[in-house]
file start26.cif (mmCIF, C-alpha atoms)
data_upload
#
loop_
_atom_site.label_atom_id
_atom_site.label_comp_id
_atom_site.auth_asym_id
_atom_site.auth_seq_id
_atom_site.Cartn_x
_atom_site.Cartn_y
_atom_site.Cartn_z
CA MET A 9 231.00 145.92 305.68
CA ALA A 10 230.16 143.95 302.53
CA HIS A 11 229.07 145.80 299.38
CA PRO A 12 225.32 145.44 298.64
CA LEU A 13 226.12 143.57 295.41
CA GLU A 14 228.30 141.06 297.29
CA LEU A 15 225.46 140.45 299.73
CA LEU A 16 222.98 139.97 296.89
CA VAL A 17 225.29 137.51 295.11
CA GLN A 18 225.63 135.60 298.37
CA ARG A 19 221.85 135.48 298.78
CA ALA A 20 221.43 134.16 295.23
CA THR A 21 224.23 131.61 295.70
CA ASP A 22 222.81 130.38 299.02
CA LEU A 23 219.38 130.02 297.41
CA PHE A 24 220.91 128.10 294.48
CA ARG A 25 222.85 125.69 296.69
CA LYS A 26 219.84 125.08 298.93
CA GLN A 27 217.66 124.22 295.90
CA PHE A 28 220.13 122.49 293.58
CA GLY A 29 223.17 121.40 295.63
CA PRO A 30 226.51 122.45 294.10
CA ALA A 31 227.70 126.03 293.71
CA PRO A 32 226.65 127.89 290.51
CA SER A 33 229.17 128.26 287.68
CA VAL A 34 227.86 131.56 286.24
CA GLY A 35 226.79 134.79 287.92
CA VAL A 36 225.55 138.00 286.31
CA THR A 37 223.90 141.25 287.33
CA ALA A 38 221.70 143.86 285.63
CA PRO A 39 220.44 147.11 287.18
CA GLY A 40 217.08 148.73 287.64
CA ARG A 41 216.79 152.32 286.52
CA VAL A 42 215.42 155.69 287.46
CA ASN A 43 214.44 158.22 284.82
CA LEU A 44 215.91 161.63 285.60
CA ILE A 45 213.63 163.42 283.10
CA GLY A 46 211.67 162.59 279.94
CA GLU A 47 208.43 160.95 281.07
CA HIS A 48 205.72 159.57 278.75
CA THR A 49 207.80 160.67 275.77
CA ASP A 50 209.07 157.24 274.69
CA TYR A 51 205.93 156.14 272.82
CA ASN A 52 205.83 159.57 271.16
CA ASP A 53 209.25 159.05 269.48
CA GLY A 54 210.77 161.46 271.99
CA PHE A 55 213.72 161.68 274.37
CA VAL A 56 214.32 160.07 277.75
CA MET A 57 217.23 160.39 280.19
CA PRO A 58 217.50 157.43 282.58
CA LEU A 59 220.41 156.18 284.63
CA ALA A 60 221.26 152.71 285.88
CA LEU A 61 220.83 152.34 289.64
CA GLU A 62 224.11 151.61 291.37
CA THR A 63 222.85 149.39 294.19
CA LYS A 64 219.37 148.27 293.07
CA VAL A 65 220.17 145.35 290.79
CA CYS A 66 219.02 141.86 289.87
CA VAL A 67 221.45 138.94 290.21
CA VAL A 68 221.07 135.64 288.37
CA VAL A 69 223.35 132.70 289.19
CA GLY A 70 223.18 129.25 287.65
CA SER A 71 224.67 126.26 285.87
CA LYS A 72 223.84 123.80 283.13
CA ASN A 73 222.05 120.59 284.15
CA ASP A 74 221.71 117.15 282.51
CA HIS A 75 217.93 116.92 282.85
CA LYS A 76 216.75 118.79 279.70
CA LEU A 77 214.83 121.01 282.10
CA VAL A 78 214.86 124.70 282.96
CA ARG A 79 214.61 124.93 286.75
CA ILE A 80 214.19 128.37 288.34
CA VAL A 81 214.03 129.45 291.97
CA THR A 82 213.48 133.00 293.25
CA GLU A 83 213.42 134.59 296.68
CA SER A 84 210.91 137.27 295.67
CA PHE A 85 207.64 135.31 295.51
CA SER A 86 207.17 133.11 298.56
CA SER A 87 203.81 131.77 297.32
CA SER A 88 205.38 130.25 294.18
CA PRO A 89 209.19 130.43 294.43
CA TYR A 90 210.01 127.51 292.10
CA THR A 91 209.10 126.41 288.60
CA GLU A 92 210.46 123.99 286.00
CA PHE A 93 209.68 123.08 282.39
CA PRO A 94 211.31 121.23 279.46
CA SER A 95 214.18 123.07 277.73
CA ASN A 96 212.45 123.58 274.38
CA LYS A 97 209.93 125.98 272.86
CA ALA A 98 206.95 123.73 273.69
CA GLY A 99 208.12 123.57 277.30
CA VAL A 100 208.47 127.34 277.51
CA LEU A 101 204.97 127.81 276.09
CA SER A 102 203.33 125.05 278.15
CA SER A 103 202.16 127.37 280.96
CA LYS A 104 202.06 131.05 281.89
CA GLU A 105 202.15 130.34 285.62
CA PRO A 106 203.72 131.46 287.85
CA LYS A 107 203.52 134.92 286.33
CA TRP A 108 206.98 136.09 287.46
CA ALA A 109 208.59 133.31 285.40
CA ASN A 110 207.10 134.70 282.19
CA TYR A 111 209.82 137.38 282.06
CA VAL A 112 212.42 134.59 281.97
CA LYS A 113 210.38 132.60 279.43
CA GLY A 114 210.03 135.63 277.16
CA VAL A 115 213.82 135.99 277.15
CA LEU A 116 214.27 132.28 276.37
CA LEU A 117 212.01 132.64 273.33
CA GLN A 118 214.01 135.63 272.11
CA PHE A 119 217.42 134.09 272.79
CA PHE A 120 216.89 130.56 271.46
CA GLU A 121 213.98 131.30 269.07
CA ASP A 122 212.77 127.88 267.79
CA LYS A 123 215.82 125.86 268.83
CA ASP A 124 215.97 123.31 271.64
CA PHE A 125 218.60 124.08 274.24
CA ASP A 126 220.47 122.49 277.11
CA GLY A 127 218.81 122.41 280.49
CA PHE A 128 219.98 124.79 283.21
CA ASP A 129 219.25 125.79 286.79
CA ILE A 130 219.09 129.42 287.98
CA ALA A 131 218.46 131.31 291.19
CA ILE A 132 217.23 134.91 291.11
CA ALA A 133 217.75 137.54 293.80
CA THR A 134 216.91 141.21 293.38
CA ASP A 135 217.08 144.46 295.33
CA VAL A 136 215.01 146.35 292.72
CA PRO A 137 211.67 147.13 294.43
CA LEU A 138 208.84 145.27 292.72
CA GLY A 139 206.11 147.59 291.40
CA GLY A 140 208.00 150.76 292.33
CA GLY A 141 208.49 152.02 288.79
CA LEU A 142 212.23 151.24 288.81
CA SER A 143 212.11 148.54 286.12
CA SER A 144 212.40 145.36 288.15
CA SER A 145 211.10 143.45 285.11
CA ALA A 146 213.70 144.89 282.70
CA SER A 147 216.52 144.13 285.14
CA LEU A 148 215.34 140.49 285.34
CA GLU A 149 215.07 140.21 281.55
CA VAL A 150 218.50 141.72 280.93
CA ALA A 151 220.12 139.66 283.71
CA THR A 152 218.59 136.48 282.26
CA PHE A 153 219.79 137.36 278.75
CA THR A 154 223.30 138.11 280.06
CA PHE A 155 223.31 134.78 281.91
CA LEU A 156 222.38 132.94 278.70
CA GLU A 157 225.13 134.74 276.77
CA LYS A 158 227.74 133.61 279.29
CA LEU A 159 226.30 130.08 279.59
CA THR A 160 226.31 129.53 275.80
CA GLY A 161 229.41 131.54 274.89
CA THR A 162 227.31 133.85 272.69
CA THR A 163 227.52 137.65 272.75
CA LEU A 164 224.99 139.81 270.95
CA ASP A 165 225.23 143.44 269.85
CA LYS A 166 224.06 145.51 272.83
CA LYS A 167 221.28 147.28 270.93
CA LEU A 168 219.92 143.98 269.60
CA LYS A 169 220.11 142.53 273.10
CA ALA A 170 218.06 145.43 274.50
CA LEU A 171 215.48 145.09 271.71
CA LYS A 172 215.15 141.35 272.32
CA CYS A 173 214.60 141.98 276.03
CA GLN A 174 211.94 144.57 275.12
CA ALA A 175 210.29 141.98 272.86
CA ALA A 176 210.32 139.55 275.80
CA GLU A 177 208.32 142.03 277.87
CA HIS A 178 205.90 142.53 275.00
CA TRP A 179 205.42 138.73 274.95
CA VAL A 180 204.53 138.88 278.64
CA GLY A 181 201.84 141.40 277.69
CA VAL A 182 203.41 144.73 278.65
CA PRO A 183 203.73 147.05 275.59
CA CYS A 184 206.69 149.00 277.02
CA GLY A 185 208.95 151.42 275.19
CA VAL A 186 212.68 150.84 274.72
CA MET A 187 214.02 152.88 277.66
CA ASP A 188 214.10 150.33 280.47
CA GLN A 189 215.95 147.57 278.65
CA PHE A 190 218.34 149.99 276.92
CA ILE A 191 219.59 151.57 280.15
CA SER A 192 219.88 148.19 281.89
CA VAL A 193 222.07 146.93 279.03
CA MET A 194 223.97 150.13 278.16
CA GLY A 195 224.33 152.07 281.39
CA THR A 196 227.85 153.30 282.19
CA LYS A 197 229.08 154.34 285.61
CA GLY A 198 228.99 158.07 286.19
CA ASN A 199 226.73 158.80 283.20
CA VAL A 200 223.06 159.25 282.48
CA LEU A 201 221.85 158.05 279.08
CA LEU A 202 220.11 160.37 276.65
CA LEU A 203 218.10 158.03 274.44
CA ASP A 204 216.42 159.09 271.22
CA CYS A 205 213.43 156.75 271.14
CA ARG A 206 212.96 157.21 267.39
CA THR A 207 216.47 156.43 266.18
CA GLN A 208 217.59 154.49 269.29
CA GLU A 209 220.72 156.61 269.26
CA GLU A 210 222.23 156.91 272.72
CA THR A 211 224.45 159.62 274.19
CA HIS A 212 226.22 159.24 277.54
CA VAL A 213 226.05 162.43 279.58
CA PRO A 214 228.31 162.78 282.65
CA LEU A 215 226.73 162.92 286.11
CA SER A 216 229.66 162.01 288.34
CA ASP A 217 230.21 165.15 290.43
CA PRO A 218 230.77 163.87 294.01
CA SER A 219 229.17 167.02 295.44
CA VAL A 220 225.72 166.04 294.10
CA VAL A 221 223.61 162.94 294.60
CA LEU A 222 220.21 161.60 293.64
CA LEU A 223 217.68 160.35 296.18
CA VAL A 224 214.99 157.92 295.07
CA THR A 225 211.94 157.89 297.36
CA ASN A 226 209.29 155.20 297.09
CA SER A 227 205.86 156.51 298.09
CA ASN A 228 204.88 152.90 298.83
CA VAL A 229 201.52 153.46 297.19
CA LYS A 230 200.30 152.11 293.89
CA HIS A 231 196.82 153.25 292.95
CA GLU A 232 194.92 150.58 291.07
CA LEU A 233 193.92 151.78 287.63
CA THR A 234 190.54 150.74 286.30
CA GLY A 235 190.10 152.64 283.06
CA GLY A 236 193.18 151.81 280.99
CA GLU A 237 194.69 155.23 281.74
CA TYR A 238 197.97 154.57 279.96
CA SER A 239 196.41 153.41 276.69
CA THR A 240 193.93 156.30 276.91
CA ARG A 241 196.79 158.79 277.13
CA ARG A 242 198.59 157.14 274.26
CA ASP A 243 195.44 157.42 272.14
CA GLN A 244 195.06 161.09 273.12
CA CYS A 245 198.62 161.78 271.97
CA TYR A 246 197.95 160.05 268.67
CA ALA A 247 194.73 162.05 268.25
CA ALA A 248 196.73 165.28 268.54
CA VAL A 249 199.19 164.01 265.92
CA ASP A 250 196.34 163.12 263.53
CA ALA A 251 194.90 166.63 263.86
CA VAL A 252 198.26 168.35 263.27
CA LYS A 253 199.00 166.07 260.28
CA LYS A 254 196.12 167.60 258.32
CA ARG A 255 198.10 170.85 258.14
CA HIS A 256 201.61 169.41 258.38
CA PRO A 257 201.74 166.06 256.53
CA GLY A 258 205.36 165.41 257.49
CA VAL A 259 204.47 165.00 261.16
CA LYS A 260 204.78 161.40 262.34
CA ALA A 261 204.65 161.78 266.14
CA LEU A 262 204.45 164.46 268.83
CA ARG A 263 208.25 164.55 268.62
CA ASP A 264 207.76 166.49 265.36
CA VAL A 265 205.19 168.98 266.70
CA ASN A 266 205.91 172.38 268.25
CA GLN A 267 203.70 174.49 270.51
CA ALA A 268 202.76 176.85 267.66
CA GLN A 269 201.45 173.92 265.58
CA LEU A 270 199.55 172.66 268.60
CA LYS A 271 197.90 176.05 268.95
CA GLU A 272 196.59 175.74 265.39
CA ILE A 273 194.36 172.78 266.36
CA GLU A 274 192.96 174.30 269.58
CA SER A 275 189.41 174.47 268.24
CA GLU A 276 189.53 171.01 266.63
CA VAL A 277 190.37 168.67 269.53
CA PRO A 278 189.16 168.39 273.13
CA PRO A 279 191.10 170.39 275.75
CA VAL A 280 192.36 167.14 277.33
CA VAL A 281 194.06 166.15 274.06
CA LEU A 282 195.78 169.54 273.93
CA ALA A 283 196.94 169.11 277.52
CA ARG A 284 198.42 165.68 276.87
CA ALA A 285 200.25 166.91 273.78
CA ARG A 286 201.44 170.06 275.57
CA HIS A 287 203.12 167.87 278.20
CA VAL A 288 204.94 165.67 275.68
CA ILE A 289 206.17 168.56 273.53
CA GLY A 290 207.35 170.45 276.62
CA GLU A 291 208.95 167.34 278.15
CA ASP A 292 211.05 166.67 275.05
CA ALA A 293 212.30 170.26 275.17
CA ARG A 294 213.01 170.02 278.92
CA THR A 295 214.97 166.79 278.45
CA LEU A 296 217.24 168.31 275.80
CA GLN A 297 217.71 171.43 277.93
CA ALA A 298 218.64 169.24 280.90
CA VAL A 299 221.37 167.56 278.84
CA GLU A 300 222.98 170.91 278.07
CA ALA A 301 222.68 172.01 281.72
CA LEU A 302 224.29 168.77 282.95
CA LYS A 303 227.20 169.21 280.55
CA LYS A 304 227.82 172.63 282.14
CA GLY A 305 227.30 171.35 285.69
CA ASP A 306 224.37 173.73 286.08
CA TYR A 307 222.36 171.72 288.61
CA GLU A 308 220.08 174.67 289.41
CA ILE A 309 218.74 174.55 285.85
CA VAL A 310 218.43 170.76 285.89
CA GLY A 311 216.47 170.98 289.14
CA LYS A 312 214.18 173.69 287.77
CA LEU A 313 213.45 171.52 284.71
CA MET A 314 212.67 168.54 286.97
CA VAL A 315 210.11 170.57 288.89
CA GLU A 316 208.55 171.83 285.66
CA SER A 317 208.37 168.21 284.49
CA HIS A 318 206.56 167.16 287.66
CA ASN A 319 204.08 170.02 287.42
CA SER A 320 203.33 169.12 283.80
CA LEU A 321 202.86 165.42 284.67
CA ARG A 322 200.52 166.49 287.47
CA ASP A 323 198.49 169.12 285.62
CA ASP A 324 198.62 168.32 281.88
CA TYR A 325 199.24 164.57 281.82
CA GLU A 326 197.41 163.86 285.08
CA VAL A 327 199.47 160.83 286.12
CA SER A 328 200.68 162.02 289.52
CA CYS A 329 198.84 161.43 292.79
CA ALA A 330 198.56 163.14 296.18
CA GLU A 331 201.39 161.10 297.72
CA LEU A 332 203.87 161.88 294.94
CA ASP A 333 202.92 165.56 295.06
CA ILE A 334 203.54 165.59 298.83
CA LEU A 335 206.98 163.99 298.41
CA VAL A 336 208.01 166.56 295.79
CA LYS A 337 206.75 169.46 297.91
CA LEU A 338 208.55 168.17 301.00
CA ALA A 339 211.81 167.69 299.09
CA LEU A 340 211.73 171.26 297.79
CA GLU A 341 211.48 172.55 301.39
CA VAL A 342 214.99 171.32 302.21
CA PRO A 343 217.98 173.66 301.56
CA GLY A 344 220.41 172.13 299.09
CA VAL A 345 217.73 170.44 296.97
CA PHE A 346 217.94 171.44 293.30
CA GLY A 347 214.76 169.74 292.08
CA SER A 348 212.41 166.79 292.49
CA ARG A 349 209.80 165.01 290.37
CA MET A 350 207.75 161.88 290.07
CA THR A 351 209.45 159.25 287.96
CA GLY A 352 208.00 156.31 286.08
CA GLY A 353 204.49 155.80 284.77
CA GLY A 354 202.78 157.50 287.68
CA PHE A 355 199.77 156.91 289.97
CA GLY A 356 202.22 155.94 292.72
CA GLY A 357 205.75 154.61 292.73
CA CYS A 358 208.77 156.85 293.21
CA THR A 359 210.14 160.36 293.08
CA VAL A 360 213.70 161.30 292.14
CA THR A 361 215.43 164.28 293.77
CA LEU A 362 218.68 165.99 292.73
CA LEU A 363 220.52 167.60 295.64
CA LYS A 364 223.82 168.59 297.18
CA ALA A 365 225.44 165.57 298.84
CA GLU A 366 225.81 167.55 302.08
CA ALA A 367 221.99 167.93 302.30
CA LEU A 368 221.26 164.20 301.99
CA ASP A 369 220.79 163.35 305.67
CA ASN A 370 218.54 166.37 306.27
CA LEU A 371 216.39 165.46 303.26
CA ILE A 372 215.98 161.81 304.30
CA GLN A 373 215.01 162.80 307.84
CA HIS A 374 212.54 165.42 306.61
CA LEU A 375 210.87 163.06 304.14
CA HIS A 376 210.50 160.21 306.62
CA LYS A 377 209.10 162.44 309.36
CA GLU A 378 206.74 164.63 307.34
CA TYR A 379 205.51 162.10 304.76
CA LYS A 380 204.59 159.68 307.55
CA HIS A 381 202.89 162.55 309.40
CA LYS A 382 200.88 163.64 306.35
CA THR A 383 199.96 160.25 304.88
CA GLY A 384 200.39 157.64 307.60
CA ILE A 385 202.76 155.78 305.23
CA GLU A 386 206.47 155.16 305.79
CA PRO A 387 208.43 156.02 302.62
CA THR A 388 211.47 154.07 301.45
CA THR A 389 214.49 156.14 300.48
CA PHE A 390 217.84 155.30 298.93
CA PRO A 391 220.56 157.53 297.48
CA THR A 392 222.09 156.56 294.16
CA THR A 393 224.63 157.63 291.61
CA ALA A 394 224.71 156.55 287.96
CA GLY A 395 225.75 152.89 287.93
CA GLN A 396 226.97 150.27 285.51
CA GLY A 397 224.82 148.30 283.06
CA ALA A 398 224.57 144.52 282.90
CA ARG A 399 227.76 142.55 283.38
CA VAL A 400 229.13 139.08 284.09
CA LEU A 401 230.37 138.57 287.66
CA PHE A 402 231.81 135.06 287.29
#

call {"tool": "encode", "arguments": {"input": "start26.cif", "output": "structure tokens"}}
result
Amino acid sequence: MAHPLELLVQRATDLFRKQFGPAPSVGVTAPGRVNLIGEHTDYNDGFVMPLALETKVCVVVGSKNDHKLVRIVTESFSSSPYTEFPSNKAGVLSSKEPKWANYVKGVLLQFFEDKDFDGFDIAIATDVPLGGGLSSSASLEVATFTFLEKLTGTTLDKKLKALKCQAAEHWVGVPCGVMDQFISVMGTKGNVLLLDCRTQEETHVPLSDPSVVLLVTNSNVKHELTGGEYSTRRDQCYAAVDAVKKRHPGVKALRDVNQAQLKEIESEVPPVVLARARHVIGEDARTLQAVEALKKGDYEIVGKLMVESHNSLRDDYEVSCAELDILVKLALEVPGVFGSRMTGGGFGGCTVTLLKAEALDNLIQHLHKEYKHKTGIEPTTFPTTAGQGARVLF
């Protein structure tokens, strides 16, 4: 049976040949990611611990053309699968439709800056679920950047590459932190990545024990947000920092605040601000504790920290939802499960569960049966180990 990556490359190649004729000369891949622990800490200068998904990746194949055009085809958006524009800055900026192409355009602006460039054709195929909180956009950005490196014979420093891909997403209009692009660029097989979001220092932490596995479960719900919940939470975190700063001028972000300092401002800020800050301070501590537990192979402790993280995201940060809570509760009912939590921004999307490999089939069966029974929704599940970051295939 063919490896999922081989099948994805074949899909991309078939799409390319159908649209453009000859076979592509360059092929690259970049992974999506799941965050094991460290949620809503990135914009507070804190710590995150993602891993690259082994089988959920984006593939970009393509070749130069002689038309001074960028021509792009994708299999993911049947309503608008093709776009083209002149291969210069004015061409890139000429339209922001279709929206999916903006992630490619943002990368072009970062890679070529103000310079004109040769035309090229690309086909995009991805197995990263769109809108599932697994960084489908970052995998597309990083795959596109990697394709351009190979096409032009240019190789950038990995950190700079990740930052340019982050800037591309900002250009699209999504003010994301650095985590998603960093793990897609820098992931290494068999390791999670501890990322210090202040210094951008990364530490690879082994998670390659064959007796344990991670299961990602997509709730297949995404609650529409009407009140700018993410920016509201960010502002609440910054309000806590401003209050603490009056007593401790050296504080720059919640990363610098401890629970005792938070207690000092109890009477000065609304309870909701305290709750938001309590989550972030606790989550940074949990993430660093999880690193030490992983180094010792103490999966019981890692699992316990994951559950504490979920409870804090549910109660203090209030970004979970009924469906995610059900998935976590169901996972914890299965013997051999160490821990489970929501992952990603929240209000839907996915959970990540750490478990003994021998319990995997039982967990998948239990989740599919009981989640469907309780919600009427069929979940999507896939096991993963820590995979490789972006790379050239041919």

call {"tool": "residues_near_point", "arguments": {"input": "start26.cif", "point": "(225.1, 157.1, 291.1)", "cutoff": "8 Å", "atoms": "only C-alpha atoms", "output": "mmCIF file with C-alpha atoms, in the frame of the given file"}}
result
data_model
loop_
_atom_site.group_PDB
_atom_site.id
_atom_site.type_symbol
_atom_site.label_atom_id
_atom_site.label_comp_id
_atom_site.auth_asym_id
_atom_site.auth_seq_id
_atom_site.Cartn_x
_atom_site.Cartn_y
_atom_site.Cartn_z
ATOM 1 C CA ALA A 60 221.260 152.710 285.880
ATOM 2 C CA LEU A 61 220.830 152.340 289.640
ATOM 3 C CA GLU A 62 224.110 151.610 291.370
ATOM 4 C CA LYS A 197 229.080 154.340 285.610
ATOM 5 C CA GLY A 198 228.990 158.070 286.190
ATOM 6 C CA LEU A 215 226.730 162.920 286.110
ATOM 7 C CA SER A 216 229.660 162.010 288.340
ATOM 8 C CA VAL A 221 223.610 162.940 294.600
ATOM 9 C CA LEU A 222 220.210 161.600 293.640
ATOM 10 C CA PRO A 391 220.560 157.530 297.480
ATOM 11 C CA THR A 392 222.090 156.560 294.160
ATOM 12 C CA THR A 393 224.630 157.630 291.610
ATOM 13 C CA ALA A 394 224.710 156.550 287.960
ATOM 14 C CA GLY A 395 225.750 152.890 287.930
#

call {"tool": "atom_distance", "arguments": {"input": "start26.cif", "atom1": "CA of Val336 (chain A)", "atom2": "CA of Val200 (chain A)"}}
result
21.4 Å

call {"tool": "atom_distance", "arguments": {"input": "start26.cif", "atom1": "CA of Ser143 (chain A)", "atom2": "CA of Gly40 (chain A)"}}
result
5.2 Å

call {"tool": "resolve_selection", "arguments": {"input": "start26.cif", "expression": "the PyMOL selection byres ((chain A and resi 165-172) around 6)", "output": "list in words"}}
result
Gln118, Leu164, Cys173, Gln174, Ala175, Gln189 and Phe190 of chain A

call {"tool": "closest_residue", "arguments": {"input": "start26.cif", "among": "A:Glu378, A:Glu47, A:Asp369, A:Glu308", "to": "Asp292 (chain A)", "atoms": "only C-alpha atoms"}}
result
A:Glu47

call {"tool": "resolve_selection", "arguments": {"input": "start26.cif", "expression": "the PyMOL selection byres ((chain A and resi 149) around 8)", "output": "VMD selection string"}}
result
chain A and resid 111 to 112 115 145 to 148 150 to 153 173 176 to 177 189

call {"tool": "resolve_selection", "arguments": {"input": "start26.cif", "expression": "the PyMOL selection byres ((chain A and resi 76) around 6)", "output": "ChimeraX atom specification"}}
result
/A:74-75,77,94-95,126-127

call {"tool": "closest_residue", "arguments": {"input": "start26.cif", "among": "A:Arg241, A:Lys377, A:Arg41, A:His287", "to": "Arg322 (chain A)", "atoms": "all atoms listed in the file"}}
result
A:His287

call {"tool": "residues_around", "arguments": {"input": "start26.cif", "residues": "Asn228 (chain A)", "least_positions_apart": "4", "cutoff": "8 Å", "atoms": "all atoms listed in the file", "output": "PyMOL selection string"}}
result
chain A and resi 140+356-358+385-388

call {"tool": "residues_near_point", "arguments": {"input": "start26.cif", "point": "(205.9, 161.5, 298.9)", "cutoff": "9 Å", "atoms": "all atoms listed in the file", "output": "ChimeraX atom specification"}}
result
/A:225-228,330-339,358-359,375,379-380,383,387

call {"tool": "residues_around", "arguments": {"input": "start26.cif", "residues": "Val259 (chain A)", "least_positions_apart": "5", "cutoff": "9 Å", "atoms": "all atoms listed in the file", "output": "VMD selection string"}}
result
chain A and resid 249 to 250 252 to 253 264 to 265

call {"tool": "closest_residue", "arguments": {"input": "start26.cif", "among": "A:Ala367, A:Cys184, A:Leu156, A:Ala268", "to": "Val400 (chain A)", "atoms": "all atoms listed in the file"}}
result
A:Leu156

call {"tool": "atom_distance", "arguments": {"input": "start26.cif", "atom1": "CA of Pro12 (chain A)", "atom2": "CA of Gly384 (chain A)"}}
result
29.2 Å

call {"tool": "closest_residue", "arguments": {"input": "start26.cif", "among": "A:Pro343, A:Gly352, A:Gly195, A:Pro32", "to": "Ser71 (chain A)", "atoms": "all atoms listed in the file"}}
result
A:Pro32
